Amino acid sequence: MDTLTQIILGAAVGQAVGYKKLGGKAVILGALGGLIPDLDVLYTPFLGDLGTWKYHRHITHSLIITPLMGMVMGWAAWRWWSKPGMPLQTFMAVCVLALFTHPLLDLFTIYGTQLLAPFSNKRFEIPGISIIDPVYTLPLLAGIVSLFFKGARRHAQKIATVLLAITTLYLFFGWAQNMRAEDIAEKQLAEQNITAEQVKVYTTIFQPFLRRIVVRELDHDIRVGFVSTFAPQKIIWTCGRLPHDDLINKALATPEGQTLSWFAGNEVTARYNADKTEITLLDARYGTPGETIFGWWGLRFPVVMDTNSQPTLGTPEKFRGVRNADGNAIKNLFLAAYGRPNNFLPAQDLNCKS
């Protein structure tokens, strides 16, 4: 999730666990606990060209390490910030839970979180919620804002606890939407007599209902579509055939290509540019209709000639395509999510076999 939401979640945890005994200190400590794991973004860019992919949501997001970080933070806060009657265990509980819930929330996004680092680099993800979702964030924020009202402070812990329960249920509601979208897609594929080797469903931004469907067919064919679980309609597909040759395989086999495949959960597409002087490998979990339909970011390899005048790969660099994120585009995404007429989805299948 976005860092602001993580701070708000941590503050809500602090309010629910420690407000009665620590007052506003519990909220501040919880907010800091929600922030700290994402401070890895300050050093990951210095860990190589792909350092952010490899090490963001790594050790600072580990379910093994974060409780230890929380205990150290709790003891330090108690040592330097407590007043008589403020128990160490409450400081500990606020800090441990605030840090611990950070990776658990990230788990429900498709970005992937290394929950067992440093002992395993396996990425865990549950496709429940997008990395920015106001429906999740705003109720928790409302609970914190309630502290500014004297009458609500008497019930501060209860308010935060109820809102944490509701927003946690919302995560599972989002996961259920993903499974519903997968079921809708598989039924339509069966009705169209399309054999799918793999069907994967991913969240889209800001809301829980519009889901991205990536279908792998036989012979390196791929199709991508979107479906609203709020108002299901026929999925309009954009189809393509992924290039598959020795040079593509060589790009995928490079350390950089393998890192991208690991990072993307093996959901990688490949394409040549028009004159075949570049190969781009893309993370197909993300993308919108149009130029980025088969992936928005990834790696770009220049194709150069070796001493024998044979094509080979140059040094890759990270690539990010351009996507429209203005107010009108966001409006049309919401229209698509709720089954209303929109300009987000194509009007008919594109490049698909009849």
# chains A, B, ... in the order shown; residues from 1 in each chain; ligands from 1
>>> closest_atom_pairs(of="range 101-122 of chain A", to="range 254-262 of chain A", cutoff="10 Å", atoms="only C-alpha atoms", output="tab-separated table")
residue	atom	partner	partner_atom	distance
A:Gly112	CA	A:Trp262	CA	9.9
A:Asn121	CA	A:Trp262	CA	9.3
A:Lys122	CA	A:Trp262	CA	8.5
>>> select_by_dssp(residues="range 55-271 of chain A", states="alpha helix (DSSP H)", output="JSON, numbers by chain")
{"A": [55, 66, 67, 68, 69, 70, 71, 72, 73, 74, 75, 76, 77, 78, 79, 80, 81, 88, 89, 90, 91, 92, 93, 94, 95, 96, 97, 98, 99, 100, 101, 102, 103, 104, 105, 106, 107, 134, 135, 136, 137, 138, 139, 140, 141, 142, 143, 144, 145, 150, 151, 152, 153, 156, 157, 158, 159, 160, 161, 162, 163, 164, 165, 166, 167, 168, 169, 170, 171, 172, 173, 174, 175, 176, 177, 178, 179, 180, 181, 182, 183, 184, 185, 186, 187, 188, 189, 190, 191, 246, 247, 248, 249, 250, 251, 252, 253, 255, 256, 257, 258, 259, 260, 261, 262, 263]}
>>> closest_residue(among="A:Pro302, A:Leu68, A:Ile222, A:Ser228", to="Val268 in chain A", atoms="only C-alpha atoms")
A:Ile222
>>> residues_around(residues="range 46-52 of chain A", least_positions_apart="4", cutoff="10 Å", atoms="only C-alpha atoms", output="short mmCIF file (atom, residue, chain, number, x, y, z; two decimals) with C-alpha atoms, in the first residue's frame")
data_model
loop_
_atom_site.label_atom_id
_atom_site.label_comp_id
_atom_site.auth_asym_id
_atom_site.auth_seq_id
_atom_site.Cartn_x
_atom_site.Cartn_y
_atom_site.Cartn_z
CA ASP A 40 13.83 1.01 2.76
CA VAL A 41 13.15 3.19 -0.30
CA LEU A 42 15.90 5.49 1.00
CA HIS A 56 11.97 -2.96 -1.44
CA ARG A 57 9.58 -4.95 0.78
CA HIS A 58 12.53 -7.11 1.82
CA GLU A 256 18.22 -8.82 -15.16
CA THR A 259 15.10 -10.66 -11.66
CA LEU A 260 12.15 -9.18 -13.55
CA PRO A 316 19.53 -3.49 -20.40
CA GLU A 317 17.97 -0.57 -18.59
CA LYS A 318 14.75 -0.14 -16.66
#
>>> residues_around(residues="Arg320 in chain A", least_positions_apart="3", cutoff="7 Å", atoms="only C-alpha atoms", output="list in words")
Trp296, Trp297 and Gly298 of chain A
>>> atom_distance(atom1="CA of Trp80 in chain A", atom2="CA of Lys25 in chain A")
12.1 Å
>>> residues_around(residues="Phe334 in chain A", least_positions_apart="3", cutoff="12 Å", atoms="only C-alpha atoms", output="PDB file with N, CA and C atoms, in the first residue's frame")
ATOM      1  N   THR A 204      -6.893  -3.225 -10.090  1.00  0.00           N
ATOM      2  CA  THR A 204      -6.607  -1.937 -10.702  1.00  0.00           C
ATOM      3  C   THR A 204      -6.723  -0.861  -9.627  1.00  0.00           C
ATOM      4  N   ILE A 205      -6.462   0.346  -9.977  1.00  0.00           N
ATOM      5  CA  ILE A 205      -6.233   1.386  -8.981  1.00  0.00           C
ATOM      6  C   ILE A 205      -7.533   1.982  -8.427  1.00  0.00           C
ATOM      7  N   PHE A 206      -7.514   2.412  -7.168  1.00  0.00           N
ATOM      8  CA  PHE A 206      -8.505   3.265  -6.508  1.00  0.00           C
ATOM      9  C   PHE A 206      -9.800   2.592  -6.070  1.00  0.00           C
ATOM     10  N   GLN A 207     -10.148   1.416  -6.552  1.00  0.00           N
ATOM     11  CA  GLN A 207     -11.442   0.805  -6.244  1.00  0.00           C
ATOM     12  C   GLN A 207     -11.314  -0.717  -6.324  1.00  0.00           C
ATOM     13  N   PRO A 208     -12.280  -1.477  -5.783  1.00  0.00           N
ATOM     14  CA  PRO A 208     -12.122  -2.932  -5.706  1.00  0.00           C
ATOM     15  C   PRO A 208     -12.730  -3.735  -6.848  1.00  0.00           C
ATOM     16  N   PHE A 209     -13.509  -3.118  -7.730  1.00  0.00           N
ATOM     17  CA  PHE A 209     -14.351  -3.905  -8.631  1.00  0.00           C
ATOM     18  C   PHE A 209     -13.756  -4.168 -10.012  1.00  0.00           C
ATOM     19  N   LEU A 210     -13.012  -3.234 -10.580  1.00  0.00           N
ATOM     20  CA  LEU A 210     -12.482  -3.432 -11.926  1.00  0.00           C
ATOM     21  C   LEU A 210     -11.199  -4.241 -11.832  1.00  0.00           C
ATOM     22  N   ARG A 211     -11.180  -5.399 -12.493  1.00  0.00           N
ATOM     23  CA  ARG A 211     -10.046  -6.312 -12.425  1.00  0.00           C
ATOM     24  C   ARG A 211      -9.448  -6.544 -13.810  1.00  0.00           C
ATOM     25  N   SER A 228     -15.717  -5.796 -14.645  1.00  0.00           N
ATOM     26  CA  SER A 228     -16.262  -5.241 -13.410  1.00  0.00           C
ATOM     27  C   SER A 228     -17.038  -6.331 -12.693  1.00  0.00           C
ATOM     28  N   PHE A 230     -18.770  -5.569 -10.108  1.00  0.00           N
ATOM     29  CA  PHE A 230     -19.959  -4.855  -9.650  1.00  0.00           C
ATOM     30  C   PHE A 230     -21.079  -4.983 -10.677  1.00  0.00           C
ATOM     31  N   ALA A 231     -20.728  -4.847 -11.963  1.00  0.00           N
ATOM     32  CA  ALA A 231     -21.710  -4.942 -13.054  1.00  0.00           C
ATOM     33  C   ALA A 231     -21.061  -5.703 -14.204  1.00  0.00           C
ATOM     34  N   GLY A 327      -7.444  13.522 -14.843  1.00  0.00           N
ATOM     35  CA  GLY A 327      -8.751  13.389 -14.208  1.00  0.00           C
ATOM     36  C   GLY A 327      -9.763  12.668 -15.069  1.00  0.00           C
ATOM     37  N   ASN A 328      -9.734  12.908 -16.381  1.00  0.00           N
ATOM     38  CA  ASN A 328     -10.688  12.258 -17.266  1.00  0.00           C
ATOM     39  C   ASN A 328     -10.442  10.755 -17.345  1.00  0.00           C
ATOM     40  N   ALA A 329      -9.162  10.360 -17.364  1.00  0.00           N
ATOM     41  CA  ALA A 329      -8.838   8.934 -17.402  1.00  0.00           C
ATOM     42  C   ALA A 329      -9.312   8.234 -16.136  1.00  0.00           C
ATOM     43  N   ILE A 330      -9.099   8.879 -14.984  1.00  0.00           N
ATOM     44  CA  ILE A 330      -9.539   8.291 -13.717  1.00  0.00           C
ATOM     45  C   ILE A 330     -11.064   8.197 -13.663  1.00  0.00           C
ATOM     46  N   LYS A 331     -11.725   9.238 -14.160  1.00  0.00           N
ATOM     47  CA  LYS A 331     -13.187   9.211 -14.211  1.00  0.00           C
ATOM     48  C   LYS A 331     -13.677   8.028 -15.031  1.00  0.00           C
ATOM     49  N   ALA A 337     -15.514   0.595 -13.810  1.00  0.00           N
ATOM     50  CA  ALA A 337     -15.624  -0.232 -12.607  1.00  0.00           C
ATOM     51  C   ALA A 337     -17.070  -0.452 -12.191  1.00  0.00           C
ATOM     52  N   TYR A 338     -17.933   0.533 -12.472  1.00  0.00           N
ATOM     53  CA  TYR A 338     -19.333   0.431 -12.050  1.00  0.00           C
ATOM     54  C   TYR A 338     -20.272   0.157 -13.225  1.00  0.00           C
ATOM     55  N   GLY A 339     -19.700  -0.308 -14.335  1.00  0.00           N
ATOM     56  CA  GLY A 339     -20.511  -0.762 -15.454  1.00  0.00           C
ATOM     57  C   GLY A 339     -21.193   0.336 -16.235  1.00  0.00           C
ATOM     58  N   ARG A 340     -20.675   1.552 -16.164  1.00  0.00           N
ATOM     59  CA  ARG A 340     -21.257   2.678 -16.886  1.00  0.00           C
ATOM     60  C   ARG A 340     -20.534   2.893 -18.208  1.00  0.00           C
ATOM     61  N   PRO A 341     -21.181   3.543 -19.196  1.00  0.00           N
ATOM     62  CA  PRO A 341     -20.501   3.847 -20.462  1.00  0.00           C
ATOM     63  C   PRO A 341     -19.211   4.623 -20.200  1.00  0.00           C
ATOM     64  N   ASN A 342     -18.144   4.224 -20.891  1.00  0.00           N
ATOM     65  CA  ASN A 342     -16.837   4.802 -20.584  1.00  0.00           C
ATOM     66  C   ASN A 342     -15.923   4.753 -21.807  1.00  0.00           C
ATOM     67  N   ASN A 343     -14.830   5.496 -21.694  1.00  0.00           N
ATOM     68  CA  ASN A 343     -13.799   5.487 -22.727  1.00  0.00           C
ATOM     69  C   ASN A 343     -12.552   4.733 -22.284  1.00  0.00           C
ATOM     70  N   PHE A 344     -12.657   4.026 -21.176  1.00  0.00           N
ATOM     71  CA  PHE A 344     -11.508   3.271 -20.672  1.00  0.00           C
ATOM     72  C   PHE A 344     -11.345   1.963 -21.452  1.00  0.00           C
ATOM     73  N   LEU A 345     -12.426   1.244 -21.644  1.00  0.00           N
ATOM     74  CA  LEU A 345     -12.372  -0.057 -22.295  1.00  0.00           C
ATOM     75  C   LEU A 345     -12.546   0.090 -23.795  1.00  0.00           C
TER      76      LEU A 345
END
